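The structure appears below as structure tokens.
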Amino acid sequence: MTDATPAQPPRDLLLGFYRQMATIRAFEGEVQKLASNGLVPGLTHLSAGQEAVAVGVCGALAPADLIASNHRGHGHCLAKGAEPARLMAEILGRSGGYGLGRSGTLHIADPAHGNLGTNGIVGGGMTLAAGAALSAKVRRSGQVAVAFFGDGAMNQGVVFEVMNMAAIWALPLVLVCENNGYGEFTATDAVTAGRSLTERGRVFEIASEDVDGMDVLAVWRAASAAVARARAGRGPSFLNCATWRYGGHHVGDHQEYKDDAETRAWRARDPIPRLARHLTEGGLATAADVAALDDAAKATVEAAVKEARRSPEPDAAALEGFLYA
């Protein structure tokens, strides 16, 4: 991308990034425990390891901007402002959740914070975000829409349909690929022709960039430039963010298909201690400050779990409610 990247973010924003990433990591850890104990209905897909993408992108957005997520979307929800207790309640199928316990992890929507929803369809959020971007352009609202999707979606036809239409109509849309190298249990390289996913965006003359998805600052800078471009009426951008999911495709996946050395190499780039080093080595925070943020994140999530588990399950008598307008 040719746009000038933003200057170093202020200290308070960096501390906010750290706390958000720590909160997402703690949240996913609790969800993993709950799912392993049979307390989460259905399959659960966790985003631990990918926190920098969610936080860096959402950190570049205004409150009125919109996102569409995917099946691995808890981090996106939290980064866009979701209340941890309500999010946890929905994951547990409790009536205090965003969908009153009816939607579960795969269909969490939070319109108040501009979250159009997580999505169980691979690439399904692309069309939602594109529609939101078209609406914003027609209404001249100044809003920007973001679609989060994985590298597995890059072989879905809907991705190229959206790219084509977004480019033709110069939509205020940012396409964010969380490229963790695997589509479910299969290495992306084994099923993807052409080694550069970024070139797929450039074919449509979309501003496209490879981004270090394990560095929240790199993500924030790239996303900030993309959002500024979209808001200025200069059309869509595509960010191919290289990242790594620490867990399996879902909680029950033991990842025998992954190479241990590769996993260790990616974990050495963990975005949370990476930002901690940036803060402490740059004199922006002490080790005690960072520890306090970790403790605050842990306390927030623990309180969310307790509140969510106190929430009752949906009443069977209300089953037919909200089905029709």
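Please note that chains go A, B, ... in the order of the structure tokens, that every chain numbers its residues from 1, and that ligands are numbered from 1 in the order shown.
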
>> Env of segment 234-246 of chain A: 7 Å cut, atoms = only C-alpha atoms, seq-sep filter 6 positions within chain, self excluded. Answer as a ChimeraX atom specification.
In response: /A:47-50,166-167,170-180,198,201,206-214,226,266

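Per DSSP on the backbone, strand (DSSP E or B) in segment 14-202 of chain A comprises Leu66, Ile67, Ala68, Asp110, Asn115, Ala145, Val146, Ala147, Phe148, Phe149, Gly150, Leu173, Val174, Leu175, Val176, Cys177, Glu178, Asn179, Tyr182, Gly183, Thr186 and Ala187 of chain A.
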
>> Residues near Leu106 of chain A, anyone? I mean within 12 Å using only C-alpha atoms, not counting same-chain ones fewer than 6 positions away, as a ChimeraX atom specification.
In response: /A:40-46,68-74,77,87,90-93,98-99,117-122,124-125

> Got a sec to tell me which of segment 4-197 of chain A DSSP assigns to helix (DSSP H, G or I), as an MDAnalysis selection string?
Replying inline: chainID A and resid 11:36 51:58 74:79 84:91 105:107 111:113 124:139 151:155 157:168 188:191

>> So that I can check the surroundings of segment 277-285 of chain A, please list as a VMD selection string every protein, DNA and RNA residue that reaches within 12 Å of it, counting only C-alpha atoms and ignoring chain neighbours fewer than 5 positions away.
In response: chain A and resid 8 to 18 215 to 217 269 to 272 290 to 293

Restrict the selected residues to N, CA and C atoms and save them as a CSV table (one decimal), in the first residue's frame.
```
chain,number,residue,atom,x,y,z
A,8,GLN,N,3.2,6.4,15.5
A,8,GLN,CA,3.1,5.5,16.7
A,8,GLN,C,1.9,5.8,17.5
A,9,PRO,N,1.0,4.8,17.8
A,9,PRO,CA,-0.2,5.1,18.6
A,9,PRO,C,0.2,5.6,20.0
A,10,PRO,N,-0.7,6.4,20.6
A,10,PRO,CA,-0.5,6.8,21.9
A,10,PRO,C,-0.4,5.7,23.0
A,11,ARG,N,0.2,6.0,24.1
A,11,ARG,CA,0.4,5.0,25.1
A,11,ARG,C,-0.9,4.3,25.5
A,12,ASP,N,-2.0,5.2,25.8
A,12,ASP,CA,-3.2,4.6,26.2
A,12,ASP,C,-3.8,3.6,25.2
A,13,LEU,N,-3.7,3.9,23.9
A,13,LEU,CA,-4.2,3.0,22.9
A,13,LEU,C,-3.4,1.7,23.0
A,14,LEU,N,-2.1,1.8,23.1
A,14,LEU,CA,-1.3,0.5,23.2
A,14,LEU,C,-1.7,-0.3,24.4
A,15,LEU,N,-1.9,0.4,25.5
A,15,LEU,CA,-2.3,-0.4,26.7
A,15,LEU,C,-3.7,-1.0,26.5
A,16,GLY,N,-4.5,-0.3,25.8
A,16,GLY,CA,-5.8,-0.8,25.5
A,16,GLY,C,-5.7,-2.1,24.6
A,17,PHE,N,-4.8,-2.0,23.6
A,17,PHE,CA,-4.6,-3.2,22.8
A,17,PHE,C,-4.1,-4.4,23.6
A,18,TYR,N,-3.2,-4.1,24.5
A,18,TYR,CA,-2.7,-5.2,25.3
A,18,TYR,C,-3.8,-5.8,26.2
A,215,ASP,N,1.7,-9.3,14.9
A,215,ASP,CA,2.1,-8.0,15.4
A,215,ASP,C,0.9,-7.0,15.4
A,216,VAL,N,0.4,-6.7,16.5
A,216,VAL,CA,-0.8,-5.8,16.6
A,216,VAL,C,-0.6,-4.5,16.0
A,217,LEU,N,0.6,-4.0,16.1
A,217,LEU,CA,1.0,-2.6,15.6
A,217,LEU,C,1.0,-2.7,14.0
A,269,ARG,N,6.4,-16.1,18.3
A,269,ARG,CA,6.0,-14.8,17.8
A,269,ARG,C,4.7,-14.4,18.5
A,270,ASP,N,4.3,-15.0,19.6
A,270,ASP,CA,3.1,-14.7,20.3
A,270,ASP,C,2.8,-13.2,20.3
A,271,PRO,N,1.7,-12.7,19.9
A,271,PRO,CA,1.4,-11.2,19.8
A,271,PRO,C,1.3,-10.6,21.2
A,272,ILE,N,1.0,-11.3,22.2
A,272,ILE,CA,0.8,-10.7,23.6
A,272,ILE,C,2.1,-10.4,24.2
A,290,VAL,N,2.1,-4.2,33.1
A,290,VAL,CA,1.7,-5.3,32.2
A,290,VAL,C,1.0,-6.4,33.1
A,291,ALA,N,1.6,-6.8,34.2
A,291,ALA,CA,1.0,-7.8,35.1
A,291,ALA,C,-0.4,-7.4,35.5
A,292,ALA,N,-0.5,-6.1,35.8
A,292,ALA,CA,-1.8,-5.6,36.3
A,292,ALA,C,-2.9,-5.7,35.2
A,293,LEU,N,-2.5,-5.5,33.9
A,293,LEU,CA,-3.4,-5.6,32.8
A,293,LEU,C,-3.8,-7.1,32.6
```

>> Between atom CA of Gly248 of chain A and atom CA of Thr192 of chain A, what is the distance in Å, rounded to a tenth?
In response: 20.1 Å

>> Restricting the calculation to only C-alpha atoms: of A:Ala52, A:Leu116, A:Leu100, A:Leu61, which residue gets closest to Gly75 of chain A?
In response: A:Ala52

> Do you know which residues are at most 12 Å from Pro312 of chain A counting only C-alpha atoms, after dropping those on the same chain fewer than 3 positions away, and could you put them as a PyMOL selection string?
Replying inline: chain A and resi 89-90+92-97+100-101+307-309+315-316

I need the chosen residues saved as a PDB file, in the first residue's frame, with C-alpha atoms.
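So again-v8.pdb came out as:
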```pdb
ATOM      1  CA  ALA A  89     -23.834 -16.488  27.999  1.00  0.00           C
ATOM      2  CA  GLU A  90     -24.624 -16.903  24.307  1.00  0.00           C
ATOM      3  CA  LEU A  92     -23.232 -21.392  26.773  1.00  0.00           C
ATOM      4  CA  GLY A  93     -26.750 -21.225  25.321  1.00  0.00           C
ATOM      5  CA  ARG A  94     -28.122 -19.081  28.150  1.00  0.00           C
ATOM      6  CA  SER A  95     -30.976 -16.591  27.891  1.00  0.00           C
ATOM      7  CA  GLY A  96     -28.755 -13.681  28.934  1.00  0.00           C
ATOM      8  CA  GLY A  97     -26.770 -13.987  25.710  1.00  0.00           C
ATOM      9  CA  LEU A 100     -31.113 -15.126  24.079  1.00  0.00           C
ATOM     10  CA  GLY A 101     -29.226 -18.423  24.046  1.00  0.00           C
ATOM     11  CA  GLU A 307     -22.477 -14.157  35.411  1.00  0.00           C
ATOM     12  CA  ALA A 308     -23.091 -16.246  32.302  1.00  0.00           C
ATOM     13  CA  ARG A 309     -23.494 -19.463  34.282  1.00  0.00           C
ATOM     14  CA  ASP A 315     -37.616 -21.242  28.530  1.00  0.00           C
ATOM     15  CA  ALA A 316     -39.154 -23.876  26.270  1.00  0.00           C
TER      16      ALA A 316
END
```

>> Here is a test: counting only C-alpha atoms, which residue of A:Thr286, A:Ala317, A:Glu28, A:Leu275 is nearest to Ala218 of chain A?
In response: A:Leu275

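Comparing the minimum interatomic distances between Val146 of chain A and each of A:Asp295, A:Glu30, A:Glu262, A:Asp65, counting only C-alpha atoms, we find that A:Asp65 sits nearest.
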